>>> print(open('entry-v3.txt').read())   # compact mmCIF, C-alpha atoms
# COMPACT_ATOMS: atom_id res chain seq x y z
CA MET A 776 74.14 -41.70 56.80
CA GLY A 777 74.02 -40.61 53.19
CA SER A 778 75.19 -37.46 51.60
CA TRP A 779 73.10 -34.36 51.17
CA GLY A 780 72.62 -35.26 47.55
CA THR A 781 70.53 -38.30 48.39
CA LEU A 782 69.06 -37.15 51.70
CA GLY A 783 68.04 -33.65 50.51
CA PRO A 784 65.45 -34.66 47.92
CA ALA A 785 63.92 -37.20 50.31
CA LEU A 786 63.58 -34.54 53.04
CA LEU A 787 62.17 -31.97 50.62
CA SER A 788 59.58 -34.42 49.33
CA LEU A 789 58.63 -35.29 52.93
CA VAL A 790 58.24 -31.58 53.73
CA GLY A 791 56.12 -31.19 50.58
CA VAL A 792 53.87 -34.04 51.64
CA ALA A 793 53.51 -32.53 55.14
CA LEU A 794 52.72 -29.08 53.72
CA GLY A 795 50.19 -30.63 51.31
CA ALA A 796 48.50 -32.50 54.15
CA CYS A 797 48.36 -29.35 56.30
CA GLY A 798 46.96 -27.37 53.36
CA SER A 799 44.36 -30.03 52.71
CA LEU A 800 43.29 -30.10 56.37
CA PHE A 801 43.11 -26.30 56.49
CA GLY A 802 41.04 -26.29 53.29
CA GLN A 803 38.65 -28.85 54.79
CA TYR A 804 38.34 -26.67 57.89
CA LEU A 805 37.46 -23.61 55.80
CA VAL A 806 34.92 -25.55 53.74
CA SER A 807 33.37 -26.92 56.94
CA ARG A 808 33.08 -23.42 58.42
CA ALA A 809 31.50 -22.07 55.24
CA SER A 810 29.09 -25.01 55.09
CA THR A 811 28.08 -24.51 58.73
CA ARG A 812 27.49 -20.80 58.12
CA GLN A 813 25.40 -21.61 55.04
CA VAL A 814 23.25 -24.03 57.05
CA GLU A 815 22.76 -21.38 59.75
CA VAL A 816 21.67 -18.82 57.14
CA GLN A 817 19.23 -21.31 55.60
CA GLU A 818 17.78 -22.22 59.00
CA SER A 819 17.40 -18.56 59.87
CA ALA A 820 15.62 -17.86 56.58
CA ALA A 821 13.30 -20.84 57.12
CA HIS A 822 12.48 -19.66 60.66
CA ARG A 823 11.83 -16.15 59.41
CA ALA A 824 9.47 -17.46 56.70
CA GLU A 825 7.59 -19.69 59.16
CA LEU A 826 7.28 -16.93 61.73
CA LYS A 827 6.29 -14.37 59.09
CA ALA A 828 3.44 -16.61 57.96
CA ALA A 829 2.28 -17.09 61.56
CA VAL A 830 2.49 -13.35 62.29
CA LEU A 831 0.58 -12.44 59.13
CA ASN A 832 -2.13 -14.98 59.98
CA PHE A 833 -2.41 -13.56 63.50
CA VAL A 834 -2.57 -9.97 62.21
CA ARG A 835 -5.23 -10.90 59.63
CA ILE A 836 -7.43 -12.49 62.30
CA ALA A 837 -6.73 -9.64 64.75
CA LEU A 838 -7.86 -7.03 62.23
CA HIS A 839 -11.05 -8.95 61.42
CA LEU A 840 -11.79 -9.39 65.12
CA GLU A 841 -11.10 -5.75 65.93
CA LYS A 842 -13.36 -4.58 63.13
CA ALA A 843 -16.14 -7.01 64.10
CA ALA A 844 -15.90 -6.25 67.82
CA LEU A 845 -15.66 -2.47 67.65
CA THR A 846 -18.21 -1.87 64.89
CA ARG A 847 -20.96 -4.21 66.02
CA PRO A 848 -24.22 -2.56 67.06
CA ASP A 849 -25.35 -2.76 70.67
CA ALA A 850 -28.15 -5.15 69.75
CA ALA A 851 -25.96 -7.54 67.82
CA GLY A 852 -27.68 -10.77 66.97
CA ALA A 853 -26.64 -14.33 67.58
CA ALA A 854 -24.98 -14.52 64.16
CA ALA A 855 -22.68 -11.58 64.96
CA ASP A 856 -21.83 -13.07 68.37
CA SER A 857 -21.16 -16.43 66.74
CA GLU A 858 -18.83 -14.82 64.18
CA ILE A 859 -16.97 -12.95 66.92
CA GLY A 860 -16.69 -16.14 68.96
CA ARG A 861 -15.22 -17.97 65.98
CA LEU A 862 -12.74 -15.15 65.41
CA VAL A 863 -11.68 -15.23 69.07
CA ASP A 864 -11.09 -18.98 68.80
CA ASP A 865 -9.08 -18.46 65.60
CA LEU A 866 -7.10 -15.69 67.29
CA TRP A 867 -6.06 -17.93 70.19
CA LEU A 868 -5.03 -20.65 67.74
CA ALA A 869 -2.95 -18.13 65.82
CA GLN A 870 -1.43 -16.94 69.11
CA ALA A 871 -0.48 -20.55 69.93
CA GLU A 872 1.11 -20.90 66.49
CA ILE A 873 3.31 -17.88 67.16
CA ASP A 874 4.05 -19.20 70.64
CA LEU A 875 5.41 -22.39 69.08
CA ALA A 876 7.36 -20.68 66.29
CA ALA A 877 8.84 -17.78 68.26
CA ARG A 878 12.43 -17.89 69.43
CA SER A 879 12.08 -15.07 71.94
CA GLU A 880 10.03 -14.62 75.07
CA PRO A 881 9.26 -10.95 74.27
CA LEU A 882 7.33 -12.04 71.17
CA ARG A 883 5.42 -14.71 73.08
CA GLY A 884 4.45 -12.22 75.78
CA ALA A 885 3.54 -9.42 73.39
CA THR A 886 1.39 -11.78 71.31
CA TYR A 887 -0.45 -13.00 74.39
CA ARG A 888 -1.05 -9.45 75.68
CA TYR A 889 -2.34 -8.27 72.30
CA ALA A 890 -4.63 -11.32 71.98
CA LEU A 891 -5.92 -10.75 75.51
CA ARG A 892 -6.78 -7.12 74.70
CA LEU A 893 -8.54 -8.20 71.52
CA ALA A 894 -10.53 -10.81 73.45
CA GLU A 895 -11.54 -8.08 75.91
CA ALA A 896 -12.70 -5.94 73.00
CA ALA A 897 -14.68 -8.89 71.66
CA ARG A 898 -16.43 -9.25 75.01
CA GLY A 899 -17.39 -5.57 74.83
CA GLU A 900 -15.05 -4.49 77.63
CA MET A 901 -13.59 -1.64 75.55
CA ALA A 902 -15.24 0.67 73.09
CA ASP A 903 -12.20 2.47 71.69
CA ALA A 904 -9.56 1.01 69.40
CA SER A 905 -6.88 3.27 70.87
CA ALA A 906 -6.53 0.89 73.84
CA LEU A 907 -5.31 -1.74 71.36
CA ARG A 908 -2.58 0.39 69.78
CA GLY A 909 0.01 -0.03 72.55
CA PRO A 910 -0.18 -3.84 72.62
CA GLN A 911 -0.30 -3.89 68.81
CA VAL A 912 2.90 -1.82 68.49
CA GLN A 913 4.65 -3.95 71.13
CA PHE A 914 3.61 -7.08 69.24
CA MET A 915 4.89 -5.78 65.90
CA ASP A 916 8.18 -4.62 67.47
CA ALA A 917 8.66 -8.01 69.12
CA ALA A 918 7.84 -9.85 65.88
CA TYR A 919 10.37 -7.75 64.00
CA GLY A 920 12.95 -8.36 66.73
CA ASP A 921 12.41 -12.12 66.58
CA MET A 922 12.66 -12.26 62.79
CA TRP A 923 15.66 -9.94 62.51
CA PRO A 924 17.58 -10.07 65.80
CA GLY A 925 19.87 -7.14 66.40
CA ARG A 926 18.11 -4.86 63.93
CA ARG A 927 16.00 -1.97 65.07
CA ARG A 928 12.63 -1.39 63.46
CA ALA A 929 12.27 1.98 61.74
CA ASP A 930 9.98 4.39 63.55
CA GLY A 931 8.45 5.67 60.33
CA GLU A 932 9.98 9.14 60.40
CA LEU A 933 12.00 10.22 57.39
CA ASP A 934 15.02 12.43 58.08
CA THR A 935 15.99 12.82 54.43
CA PHE A 936 14.39 16.23 53.86
CA ARG A 937 16.14 18.29 56.55
>>> encode(input="entry-v3.txt", output="structure tokens")
Amino acid sequence: MGSWGTLGPALLSLVGVALGACGSLFGQYLVSRASTRQVEVQESAAHRAELKAAVLNFVRIALHLEKAALTRPDAAGAAADSEIGRLVDDLWLAQAEIDLAARSEPLRGATYRYALRLAEAARGEMADASALRGPQVQFMDAAYGDMWPGRRRADGELDTFR
């Protein structure tokens, strides 16, 4: 075998190549992790935007239906009934849109229960809007939970002036 003078530089260059390869592989691993995380963040933002649009559409229709159903006179004409019927149909379509976009079962269930209560109001089975508040709050809480998992929705009380 050769002396240390000729073997040493060869071994050191081999160690350098091995360290460079390990560093390169580790760098690729870190870049891959960061890229995967970035894709997850983008997918989450896209889901949130899609679900937000569906929720806002549902809420818009729900408010129109609630107003039409609870403020109609007892002798509402065919035009008012036709408008309410159209709004009920639109509401169920909006509920189906949320059902398809939602990631969580609580949101699907809360949306269905709120839509069912609104349909009951449209049929004249309730005269007071207070019966809708519970399902409405559950729906909004579930929508918030689906869009921002792990975060708790603020209850609206401010504790800053104590």
>>> closest_atom_pairs(input="entry-v3.txt", of="region 820-846 of chain A", to="region 899-920 of chain A", cutoff="10 Å", atoms="all atoms listed in the file", output="Markdown table")
| residue | atom | partner | partner_atom | distance |
| --- | --- | --- | --- | --- |
| A:Arg823 | CA | A:Tyr919 | CA | 9.7 |
| A:Leu826 | CA | A:Ala918 | CA | 8.2 |
| A:Lys827 | CA | A:Ala918 | CA | 8.3 |
| A:Val830 | CA | A:Ala918 | CA | 7.3 |
| A:Val834 | CA | A:Gln911 | CA | 9.3 |
| A:Ala837 | CA | A:Gln911 | CA | 9.5 |
| A:Glu841 | CA | A:Ala904 | CA | 7.8 |
| A:Lys842 | CA | A:Ala904 | CA | 9.2 |
| A:Ala844 | CA | A:Gly899 | CA | 7.2 |
| A:Leu845 | CA | A:Ala902 | CA | 6.3 |
| A:Thr846 | CA | A:Ala902 | CA | 9.1 |
>>> closest_residue(input="entry-v3.txt", among="A:Val790, A:Leu866, A:Ala885, A:Ala894", to="Arg835 (chain A)", atoms="only C-alpha atoms")
A:Leu866
>>> residues_around(input="entry-v3.txt", residues="Ile873 (chain A)", least_positions_apart="4", cutoff="9 Å", atoms="only C-alpha atoms", output="MDAnalysis selection string")
chainID A and resid 826 829:830 833 868:869 877 882:883 886
>>> atom_distance(input="entry-v3.txt", atom1="CA of Met922 (chain A)", atom2="CA of Ala890 (chain A)")
19.6 Å
